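A short worksheet on the structure shown next.
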Amino acid sequence: MLVLKVISVTLGLAFALFGYFIYFKKKYNLINGFESDLKAGRKKEDYAKRVGLIELLIGITLLIVGIVLIIFV
């Protein structure tokens, strides 16, 4: 169970940080191949914001799950 707690918190922190950097700080180079796709017109900035928001929400969810596991189990 300890391994599950550590993995959950670590993944949550990683996803939340990547999502924060992509969504709020506009570091689109964290998305593989996005800058070249943006220049070629295949993808728009809305795509990157959506990816960042999804990663941020997944990260927050995993962090909450990890903290709940630490507290109650």
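Numbering starts fresh at 1 for the residues of each chain in the structure tokens, the chains themselves are lettered A, B, ... in the order given, and ligands are numbered from 1 as they appear.
Excluding A:Glu45 itself and any same-chain residue fewer than 3 positions from it, the protein and nucleic acid residues within 12 Å of it, counting only C-alpha atoms, are Ile22, Tyr23, Lys26, Lys27, Tyr28, Asn29, Ile31, Phe34, Glu35, Asp37, Leu38, Lys39, Gly41, Arg42, Ala48, Lys49, Arg50, Val51 and Gly52 of chain A.
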DSSP helix (DSSP H, G or I) residues within stretch 6-72 of chain A, as a PDB file with C-alpha atoms, in the first residue's frame:
ATOM      1  CA  VAL A   6       4.065   7.118  -3.229  1.00  0.00           C
ATOM      2  CA  ILE A   7       3.178   6.503  -6.884  1.00  0.00           C
ATOM      3  CA  SER A   8      -0.096   8.404  -6.574  1.00  0.00           C
ATOM      4  CA  VAL A   9       1.475  11.450  -4.964  1.00  0.00           C
ATOM      5  CA  THR A  10       4.446  11.454  -7.350  1.00  0.00           C
ATOM      6  CA  LEU A  11       2.321  11.146 -10.471  1.00  0.00           C
ATOM      7  CA  GLY A  12      -0.115  13.733  -9.149  1.00  0.00           C
ATOM      8  CA  LEU A  13       2.670  16.198  -8.524  1.00  0.00           C
ATOM      9  CA  ALA A  14       4.215  15.577 -11.955  1.00  0.00           C
ATOM     10  CA  PHE A  15       0.927  15.948 -13.830  1.00  0.00           C
ATOM     11  CA  ALA A  16      -0.048  19.030 -11.844  1.00  0.00           C
ATOM     12  CA  LEU A  17       3.286  20.728 -12.506  1.00  0.00           C
ATOM     13  CA  PHE A  18       3.256  19.945 -16.219  1.00  0.00           C
ATOM     14  CA  GLY A  19      -0.359  21.085 -16.487  1.00  0.00           C
ATOM     15  CA  TYR A  20       0.432  24.309 -14.628  1.00  0.00           C
ATOM     16  CA  PHE A  21       3.410  25.092 -16.834  1.00  0.00           C
ATOM     17  CA  ILE A  22       1.479  24.380 -20.035  1.00  0.00           C
ATOM     18  CA  TYR A  23      -1.820  26.059 -19.088  1.00  0.00           C
ATOM     19  CA  TYR A  28       4.100  24.691 -25.101  1.00  0.00           C
ATOM     20  CA  ASN A  29       7.468  23.070 -25.753  1.00  0.00           C
ATOM     21  CA  LEU A  30       6.492  20.506 -23.076  1.00  0.00           C
ATOM     22  CA  PHE A  34       3.448  21.011 -30.774  1.00  0.00           C
ATOM     23  CA  GLU A  35       5.581  23.961 -31.832  1.00  0.00           C
ATOM     24  CA  SER A  36       6.249  22.490 -35.271  1.00  0.00           C
ATOM     25  CA  ASP A  37       2.557  21.599 -35.646  1.00  0.00           C
ATOM     26  CA  LEU A  38       1.620  25.139 -34.624  1.00  0.00           C
ATOM     27  CA  LYS A  39       3.932  26.638 -37.244  1.00  0.00           C
ATOM     28  CA  ALA A  40       2.575  24.259 -39.901  1.00  0.00           C
ATOM     29  CA  GLU A  45      -3.116  27.267 -29.222  1.00  0.00           C
ATOM     30  CA  ASP A  46      -6.500  26.099 -27.917  1.00  0.00           C
ATOM     31  CA  TYR A  47      -5.280  22.517 -28.237  1.00  0.00           C
ATOM     32  CA  ALA A  48      -2.307  23.231 -25.961  1.00  0.00           C
ATOM     33  CA  LYS A  49      -4.503  24.968 -23.390  1.00  0.00           C
ATOM     34  CA  ARG A  50      -6.870  21.990 -23.399  1.00  0.00           C
ATOM     35  CA  VAL A  51      -3.987  19.542 -22.911  1.00  0.00           C
ATOM     36  CA  GLY A  52      -2.612  21.669 -20.067  1.00  0.00           C
ATOM     37  CA  LEU A  53      -5.981  21.879 -18.343  1.00  0.00           C
ATOM     38  CA  ILE A  54      -6.553  18.129 -18.609  1.00  0.00           C
ATOM     39  CA  GLU A  55      -3.108  17.387 -17.176  1.00  0.00           C
ATOM     40  CA  LEU A  56      -3.654  19.878 -14.370  1.00  0.00           C
ATOM     41  CA  LEU A  57      -6.995  18.312 -13.421  1.00  0.00           C
ATOM     42  CA  ILE A  58      -5.602  14.776 -13.539  1.00  0.00           C
ATOM     43  CA  GLY A  59      -2.672  15.886 -11.374  1.00  0.00           C
ATOM     44  CA  ILE A  60      -4.894  17.518  -8.779  1.00  0.00           C
ATOM     45  CA  THR A  61      -7.119  14.431  -8.673  1.00  0.00           C
ATOM     46  CA  LEU A  62      -4.172  12.086  -8.183  1.00  0.00           C
ATOM     47  CA  LEU A  63      -2.731  14.324  -5.459  1.00  0.00           C
ATOM     48  CA  ILE A  64      -6.049  14.347  -3.605  1.00  0.00           C
ATOM     49  CA  VAL A  65      -6.338  10.561  -3.912  1.00  0.00           C
ATOM     50  CA  GLY A  66      -2.777  10.150  -2.635  1.00  0.00           C
ATOM     51  CA  ILE A  67      -3.353  12.439   0.320  1.00  0.00           C
ATOM     52  CA  VAL A  68      -6.615  10.682   1.201  1.00  0.00           C
ATOM     53  CA  LEU A  69      -4.807   7.334   1.067  1.00  0.00           C
ATOM     54  CA  ILE A  70      -2.067   8.647   3.335  1.00  0.00           C
ATOM     55  CA  ILE A  71      -4.543  10.036   5.866  1.00  0.00           C
ATOM     56  CA  PHE A  72      -7.159   7.273   6.008  1.00  0.00           C
TER      57      PHE A  72
END
